[in-house]
Amino acid sequence: MKSAGGMLSDLARLVEAQLLLTFIAVAACIAAFAALTDEVREGGTLGIDRTVLLAFRVPGHLDVASGPRWAQEAARDVTALGGFTVLMLVSVFATAMLLMHRRRRQALVFALTVLLAQGLSELLKALVERPRPTLVSHLDLVYSSSFPSGHAMMTPVVYLTLASILATSERRRSEKVLLLGAAVLLTAAVGVSRVYLGVHWPTDVLGGWCLGGAMALAMALALHRTAPPPGSPCRL
């Protein structure tokens with residue numbers, strides 16, 4: 001049987017390994033975003049963008065989305081979950097609940113992450129100035145430049161970060177996996193809906209996922225330091 005000192009040493013090594021892996025993942029996401037941005041600005045992604053975008057439309061009728069008629073309405077419902085209004089409402093409510101549960105540090109980390117990501121998204125759109133797709137008809141309203149997709153970027157920042165906060169309160173691995181898995185699936189669904197509706201090039205969404213994922217992972221590092229003991233109540 002290991003001594004208390006040995007167990008603490010093993011735990012420290014495990015924590016260090018987790019932090020190192022998270023740091024590597026963040027660096028990889030940022031590097032992928034930087035490389036993708038260069039390709040987008042040089043027009044190197046246009047071929048694959050066109051191919052994927054057209055795959056979601058009826059051949060010969062580019063104003064009609066493929067699939068059953070209800071799929072278009074479902075895509076609008078899903079895409080709304082990554083819209084500014086919904087994400088801000090979720091963020092305000094989550095921050096308030098964290099404060100009510102006296103998780104002030106986590107509330108601060110979460111709120112600052114959302115605000116920083118929103119500002120960064122708008123800044124990058126203005127810098128890259130990529131036009132929206134004109135190859136197909138838009139099936140949703142758009143107001144800004146195309147790269148990166150704000151929906152695809154903000155969804156992991158809000159939902160994955162929130163899932164990470166909630167997961168720290170769960171003891172069972174299955175519950176942690178369910179929370180994080182649901183956030184990942186929601187992130188993927190919102191991103192795909194943007195391409196399906198014809199309002200983003202696929203690489204806009206990929207870029208948003210890369211940068212949003214990097215920010216969500218970076219917050220996991222911060223949340224590791226601010227997490228309460230397992231089993232502490234936190235029900236949002």
# chains A, B, ... in the order shown; residues from 1 in each chain; ligands from 1

$ residues_around --residues "Ser193 (chain A)" --least-positions-apart "6" --cutoff "9 Å" --atoms "only C-alpha atoms" --output "list in words"
Gln72, Ala74, Ala75, Arg76, Val78 and Thr79 of chain A

$ write_last_selection --atoms "C-alpha atoms" --output "tab-separated table (two decimals), in the first residue's frame"
chain	number	residue	atom	x	y	z
A	72	GLN	CA	-34.50	23.46	-43.29
A	74	ALA	CA	-34.81	22.23	-38.06
A	75	ALA	CA	-31.50	23.71	-39.24
A	76	ARG	CA	-32.75	27.20	-38.39
A	78	VAL	CA	-30.37	24.45	-34.33
A	79	THR	CA	-28.45	27.42	-35.70

$ residues_around --residues "Tyr196 (chain A)" --least-positions-apart "3" --cutoff "12 Å" --atoms "only C-alpha atoms" --output "ChimeraX atom specification"
/A:52-58,62-67,71-76,78-79,133,136-140,189-193,199-202,205

$ select_by_dssp --residues "region 37-112 of chain A" --states "strand (DSSP E)" --output "NGL selection string"
:A and (57-58 or 61-65)

$ write_last_selection --atoms "N, CA and C atoms" --output "tab-separated table (two decimals), in the first residue's frame"
chain	number	residue	atom	x	y	z
A	57	ARG	N	-27.09	21.13	-51.45
A	57	ARG	CA	-28.14	21.70	-52.29
A	57	ARG	C	-28.59	20.70	-53.36
A	58	VAL	N	-29.81	20.88	-53.83
A	58	VAL	CA	-30.36	20.03	-54.88
A	58	VAL	C	-29.71	20.39	-56.20
A	61	HIS	N	-30.85	23.20	-58.66
A	61	HIS	CA	-31.73	24.11	-57.91
A	61	HIS	C	-30.96	24.56	-56.65
A	62	LEU	N	-30.03	25.48	-56.84
A	62	LEU	CA	-29.13	25.86	-55.75
A	62	LEU	C	-29.81	26.70	-54.67
A	63	ASP	N	-31.05	27.08	-54.90
A	63	ASP	CA	-31.79	27.80	-53.87
A	63	ASP	C	-32.59	26.85	-52.98
A	64	VAL	N	-32.47	25.54	-53.24
A	64	VAL	CA	-33.22	24.53	-52.48
A	64	VAL	C	-32.24	23.64	-51.72
A	65	ALA	N	-32.40	23.56	-50.40
A	65	ALA	CA	-31.54	22.71	-49.59
A	65	ALA	C	-31.92	21.25	-49.78

$ closest_atom_pairs --of "region 7-78 of chain A" --to "region 141-146 of chain A" --cutoff "12 Å" --atoms "only C-alpha atoms" --output "tab-separated table"
residue	atom	partner	partner_atom	distance
A:Thr37	CA	A:Ser146	CA	11.9
A:Val40	CA	A:Ser146	CA	10.8
A:Arg41	CA	A:Ser146	CA	11.7
A:Arg76	CA	A:Leu141	CA	10.2

$ residues_around --residues "Asp204 (chain A)" --least-positions-apart "2" --cutoff "6 Å" --atoms "only C-alpha atoms" --output "ChimeraX atom specification"
/A:147-149,201-202,206-207

$ residues_around --residues "Thr161 (chain A)" --least-positions-apart "6" --cutoff "9 Å" --atoms "only C-alpha atoms" --output "PyMOL selection string"
chain A and resi 110+113+183+215-217+219-220+223

$ write_last_selection --atoms "C-alpha atoms" --output "CSV table (one decimal), in the first residue's frame"
chain,number,residue,atom,x,y,z
A,110,PHE,CA,-16.8,32.1,-17.7
A,113,THR,CA,-14.2,34.1,-21.7
A,183,ALA,CA,-21.7,20.1,-25.6
A,215,MET,CA,-10.4,29.1,-26.0
A,216,ALA,CA,-12.6,26.5,-24.3
A,217,LEU,CA,-9.6,24.3,-23.6
A,219,MET,CA,-10.5,27.9,-19.9
A,220,ALA,CA,-10.3,24.3,-18.8
A,223,LEU,CA,-11.2,26.0,-14.3

$ select_by_dssp --residues "region 122-196 of chain A" --states "alpha helix (DSSP H)" --output "PyMOL selection string"
chain A and resi 122-128+150-155+161-167+173-196

$ atom_distance --atom1 "CA of Ala107 (chain A)" --atom2 "CA of Thr95 (chain A)"
5.0 Å

$ closest_residue --among "A:Ala167, A:Leu160, A:Leu36, A:Leu46" --to "Leu185 (chain A)" --atoms "only C-alpha atoms"
A:Leu160

$ atom_distance --atom1 "CA of Thr203 (chain A)" --atom2 "CA of Asp49 (chain A)"
6.6 Å

$ residues_around --residues "Lys176 (chain A)" --least-positions-apart "3" --cutoff "12 Å" --atoms "only C-alpha atoms" --output "PyMOL selection string"
chain A and resi 160+162-173+179-183+230
